[in-house]
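So this block is work14.txt, compact mmCIF, C-alpha atoms:
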# COMPACT_ATOMS: atom_id res chain seq x y z
CA MET A 10 221.90 160.29 92.84
CA SER A 11 220.29 156.90 93.14
CA GLN A 12 219.99 155.28 96.57
CA PRO A 13 221.86 151.99 97.16
CA LEU A 14 219.67 148.94 97.05
CA ALA A 15 218.83 147.42 100.42
CA ALA A 16 220.61 144.17 101.11
CA THR A 17 218.41 141.17 100.51
CA PRO A 18 218.97 137.70 101.92
CA SER A 19 220.36 135.18 99.52
CA LEU A 20 218.11 132.46 98.18
CA GLN A 21 220.24 129.94 100.03
CA ASN A 22 219.72 131.69 103.39
CA VAL A 23 215.98 132.02 102.80
CA THR A 24 215.72 128.37 101.82
CA GLU A 25 217.70 127.24 104.86
CA SER A 26 215.54 129.29 107.23
CA ILE A 27 212.44 127.63 105.81
CA ILE A 28 213.80 124.09 105.80
CA PHE A 29 215.65 124.42 109.11
CA PRO A 30 213.64 126.64 111.48
CA PRO A 31 215.27 127.84 114.72
CA GLY A 32 216.16 125.12 117.19
CA ASP A 33 215.33 127.18 120.27
CA ILE A 34 211.69 126.12 120.39
CA TYR A 35 209.60 125.85 123.55
CA SER A 36 207.79 122.62 124.34
CA ASP A 37 204.06 122.63 123.64
CA GLU A 38 202.55 119.80 125.65
CA PRO A 39 199.25 119.66 127.56
CA PRO A 40 199.34 119.05 131.33
CA LEU A 41 199.52 115.47 132.54
CA GLU A 42 196.34 113.52 133.10
CA SER A 43 196.38 113.41 136.91
CA ASP A 44 198.51 113.69 140.04
CA LEU A 45 199.04 109.93 139.84
CA HIS A 46 200.49 110.22 136.33
CA ARG A 47 202.70 113.16 137.27
CA GLU A 48 204.03 111.48 140.43
CA GLN A 49 204.80 108.28 138.52
CA ILE A 50 206.73 110.06 135.78
CA ASP A 51 208.58 112.22 138.30
CA LEU A 52 209.61 109.06 140.16
CA LEU A 53 211.08 107.51 137.00
CA ILE A 54 213.02 110.68 136.18
CA ARG A 55 214.46 110.97 139.69
CA LEU A 56 215.38 107.29 139.82
CA LEU A 57 217.20 107.24 136.50
CA LYS A 58 219.04 110.50 137.10
CA TRP A 59 220.18 109.26 140.50
CA TRP A 60 221.19 105.84 139.15
CA TRP A 61 223.19 107.53 136.37
CA ARG A 62 224.36 110.47 138.49
CA ASP A 63 227.98 110.03 137.37
CA ARG A 64 227.14 109.95 133.67
CA GLN A 65 227.11 113.00 131.39
CA ASP A 66 226.09 111.27 128.16
CA PHE A 67 222.31 111.07 128.36
CA TYR A 68 219.18 113.20 128.42
CA ALA A 69 216.08 112.08 130.34
CA THR A 70 212.91 114.13 130.59
CA ASP A 71 209.13 114.01 130.68
CA ASN A 72 206.18 115.49 128.79
CA LEU A 73 208.41 117.42 126.39
CA THR A 74 207.73 118.06 122.70
CA ILE A 75 209.95 116.29 120.19
CA TYR A 76 210.15 118.44 117.05
CA PHE A 77 211.11 116.25 114.12
CA SER A 78 209.32 117.89 111.18
CA HIS A 79 211.19 120.79 109.56
CA ASN A 80 207.98 122.79 109.18
CA GLN A 81 207.47 122.48 112.97
CA LYS A 82 204.15 120.72 112.55
CA LYS A 83 203.43 117.78 114.78
CA SER A 84 202.87 114.80 112.55
CA GLU A 85 199.32 113.45 112.66
CA GLU A 86 198.43 115.36 115.87
CA PHE A 87 201.39 113.74 117.65
CA ARG A 88 202.34 115.03 121.09
CA GLY A 89 205.52 114.53 123.10
CA PRO A 90 206.15 111.30 125.04
CA ASP A 91 205.41 111.18 128.76
CA PHE A 92 208.95 109.96 129.46
CA PHE A 93 211.92 109.51 127.16
CA VAL A 94 215.67 108.97 127.25
CA VAL A 95 218.26 109.85 124.62
CA LEU A 96 221.68 108.22 124.91
CA ASP A 97 225.08 109.46 123.70
CA THR A 98 224.09 113.10 123.94
CA GLU A 99 224.95 116.08 126.12
CA LYS A 100 223.39 116.16 129.58
CA LYS A 101 221.91 119.67 129.75
CA ASP A 102 218.58 121.45 130.15
CA ARG A 103 216.46 121.98 127.04
CA LYS A 104 213.21 123.76 126.14
CA SER A 105 212.26 120.89 123.82
CA TRP A 106 213.95 118.14 121.83
CA VAL A 107 214.63 119.43 118.32
CA VAL A 108 215.87 116.54 116.20
CA TRP A 109 217.62 118.63 113.54
CA GLN A 110 219.58 120.43 116.26
CA GLU A 111 220.54 117.18 118.00
CA ASN A 112 222.47 115.45 115.21
CA GLY A 113 219.29 113.71 114.06
CA LYS A 114 218.96 111.77 117.30
CA TYR A 115 215.64 110.34 118.44
CA PRO A 116 214.84 108.78 121.85
CA ASN A 117 216.36 105.41 122.69
CA VAL A 118 213.62 104.68 125.22
CA ILE A 119 210.03 105.94 125.49
CA ILE A 120 207.47 105.22 128.20
CA GLU A 121 203.86 106.35 127.89
CA MET A 122 201.45 106.54 130.82
CA LEU A 123 198.07 105.17 129.76
CA SER A 124 194.75 106.78 130.61
CA ASP A 125 191.20 106.39 129.35
CA SER A 126 191.67 109.33 126.98
CA THR A 127 195.12 108.41 125.62
CA ALA A 128 195.38 104.60 125.66
CA SER A 129 194.13 104.05 122.11
CA VAL A 130 196.58 106.63 120.71
CA ASP A 131 199.50 105.32 122.79
CA LYS A 132 198.84 101.75 121.62
CA GLY A 133 198.12 102.72 118.01
CA LEU A 134 199.27 105.94 116.37
CA LYS A 135 202.15 106.72 118.72
CA LYS A 136 203.42 103.14 118.59
CA GLN A 137 203.53 103.42 114.79
CA ILE A 138 205.39 106.75 114.91
CA TYR A 139 207.91 105.46 117.43
CA GLN A 140 208.48 102.37 115.29
CA ASN A 141 208.46 103.80 111.77
CA THR A 142 209.72 107.38 112.19
CA PHE A 143 211.65 107.53 115.46
CA ARG A 144 213.01 103.97 115.28
CA THR A 145 213.07 104.06 119.08
CA PRO A 146 214.55 100.71 120.18
CA ASP A 147 212.59 100.31 123.44
CA TYR A 148 208.95 101.36 123.88
CA PHE A 149 206.86 100.73 126.99
CA TRP A 150 203.45 101.74 128.23
CA PHE A 151 202.16 101.64 131.78
CA ASP A 152 198.76 102.33 133.31
CA PRO A 153 199.17 103.82 136.82
CA ASN A 154 195.58 102.89 137.65
CA ASN A 155 195.34 99.20 136.74
CA LEU A 156 199.15 98.58 136.58
CA GLU A 157 199.07 97.31 132.98
CA LEU A 158 202.67 97.10 131.72
CA GLN A 159 203.73 96.16 128.21
CA GLY A 160 206.97 96.65 126.33
CA PHE A 161 208.46 96.30 122.87
CA HIS A 162 211.92 96.12 121.32
CA ILE A 163 212.50 96.94 117.68
CA LEU A 164 213.79 94.07 115.56
CA ASP A 165 214.18 94.24 111.78
CA GLY A 166 212.25 97.50 111.81
CA GLN A 167 209.25 96.09 113.69
CA TYR A 168 208.32 96.17 117.36
CA GLN A 169 208.42 92.76 118.99
CA GLU A 170 206.60 92.34 122.29
CA LEU A 171 208.87 91.69 125.27
CA ALA A 172 208.28 88.56 127.33
CA PRO A 173 208.05 89.29 131.07
CA THR A 174 210.11 87.50 133.68
CA GLU A 175 208.49 85.38 136.39
CA SER A 176 208.25 88.58 138.43
CA GLY A 177 206.48 90.37 135.57
CA TRP A 178 209.49 92.55 134.77
CA LEU A 179 210.42 93.70 131.26
CA TRP A 180 214.02 94.12 130.11
CA SER A 181 215.23 97.37 128.52
CA GLN A 182 218.34 96.75 126.46
CA GLN A 183 218.93 100.49 126.12
CA LEU A 184 218.80 101.21 129.86
CA ASN A 185 220.36 97.91 130.91
CA LEU A 186 217.62 97.79 133.53
CA TYR A 187 214.37 95.95 134.12
CA LEU A 188 211.04 97.75 134.42
CA GLY A 189 208.57 96.27 136.87
CA VAL A 190 205.82 97.11 139.34
CA GLU A 191 206.72 97.48 143.00
CA SER A 192 204.16 98.64 145.60
CA GLY A 193 201.86 99.95 142.87
CA LYS A 194 204.55 101.98 141.10
CA LEU A 195 206.59 101.40 137.97
CA ARG A 196 210.22 101.03 139.07
CA PHE A 197 213.65 100.12 137.73
CA PHE A 198 215.51 96.97 138.73
CA THR A 199 219.18 96.13 138.17
CA PRO A 200 220.22 93.18 135.99
CA ASP A 201 220.80 91.13 139.17
CA GLY A 202 217.32 91.95 140.45
CA HIS A 203 217.86 94.74 142.96
CA LEU A 204 215.43 97.64 143.20
CA VAL A 205 216.88 100.98 142.13
CA ILE A 206 216.22 103.30 145.05
CA LEU A 207 216.41 107.00 145.83
CA PRO A 208 218.75 108.47 148.50
CA GLU A 209 215.89 109.01 150.94
CA GLU A 210 214.74 105.41 150.45
CA GLU A 211 218.27 104.20 151.20
CA ALA A 212 218.31 106.32 154.37
CA ASN A 213 214.97 104.85 155.44
CA GLN A 214 216.27 101.34 154.81
CA GLN A 215 219.30 102.01 156.99
CA LEU A 216 217.09 103.32 159.80
CA GLU A 217 214.89 100.24 159.54
CA GLN A 218 217.93 97.95 159.65
CA GLU A 219 219.22 99.75 162.75
CA ARG A 220 215.81 99.43 164.39
CA GLN A 221 215.72 95.69 163.68
CA ARG A 222 219.25 95.21 165.04
CA ALA A 223 218.27 97.09 168.21
CA GLU A 224 215.19 94.88 168.65
CA LYS A 225 217.23 91.68 168.22
CA LEU A 226 219.80 92.91 170.75
CA ALA A 227 217.02 93.75 173.20
CA GLU A 228 215.55 90.26 172.78
CA ARG A 229 218.92 88.64 173.50
CA LEU A 230 219.36 90.78 176.62
CA ARG A 231 215.90 89.88 177.90
CA ALA A 232 216.64 86.20 177.23
CA ALA A 233 219.74 86.60 179.37
CA GLY A 234 217.68 88.13 182.18
CA ILE A 235 218.87 91.68 181.55
CA ASN A 236 216.46 94.58 181.27
CA PRO A 237 217.40 96.46 178.03
CA GLU A 238 216.02 99.72 179.47
CA GLN A 239 218.77 99.69 182.10
CA ILE A 240 221.39 99.68 179.34
CA PHE A 241 219.93 101.90 176.62
The structure given in the file should be rewritten as structure tokens.
Amino acid sequence: MSQPLAATPSLQNVTESIIFPPGDIYSDEPPLESDLHREQIDLLIRLLKWWWRDRQDFYATDNLTIYFSHNQKKSEEFRGPDFFVVLDTEKKDRKSWVVWQENGKYPNVIIEMLSDSTASVDKGLKKQIYQNTFRTPDYFWFDPNNLELQGFHILDGQYQELAPTESGWLWSQQLNLYLGVESGKLRFFTPDGHLVILPEEEANQQLEQERQRAEKLAERLRAAGINPEQIF
């Protein structure tokens, strides 16, 4: 009696597995250049997630591979952006950003941190990929060492350099925020010019305001001939 033939996958299933590899792919990025680079990127992530803490429609991360080629090869030795934001997507943790598993979405905003070893690629090859393949609307680069900041917005398929404000800030249409340097760090600013701050910075500001109010009260008491130490 002949044995039944083993089941074989259909040509369609085989073809789909080749064209559309699994989406559960780990990121494959090298470590960041220095502590300065890592601290700067971490600051941007924390600031944006806090500013948008009530939103569930975005994904912001750092140093994560974006897989956009169906054969899982990184185009022209391309590596993941240092910082990127995708809008109108689910806010959840991911191992990497796999375009064909994310409804074909690419980042809306990318920021690269320049260094001596990466600046030429960030300003050349990556800029071309972000413009021609990703079609990322807003692209910025920042050098944590010399504070060089430059930004671009895509217009008619080409990146146009953004003109800075008098304060040196650059406007991101996608984030609806300015990017600018404050105390040697790249920070976000609201459309009306206020610095986006973290909870601990807000707490420190409140303590400083209380200290200043206490000093002014003490000065008024001394001017009135009253020793503040007898009251406080």
Fill in the blank from the handout: What separates atom CA of Gln49 of chain A and atom CA of Leu195 of chain A is a distance of 7.1 Å
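Nearest to Thr145 of chain A of all the residues A:Val107, A:Ile120, A:Ala69, A:Leu45 is A:Ile120, based on only C-alpha atoms.
We find atom CA of Phe143 of chain A and atom CA of Asp165 of chain A to be spaced 14.0 Å apart.
Among A:Glu157, A:Glu191, A:Asp152, A:Asp66, the residue with the shortest atom-to-atom distance to Ser126 of chain A, counting only C-alpha atoms, is A:Asp152.
Atom to atom, atom CA of Phe161 of chain A and atom CA of Lys104 of chain A stand 28.1 Å apart.
If you measure from each of A:Leu188, A:Lys100, A:Lys136, A:Phe93 to Asp63 of chain A using all atoms listed in the file, the closest one turns out to be A:Lys100.
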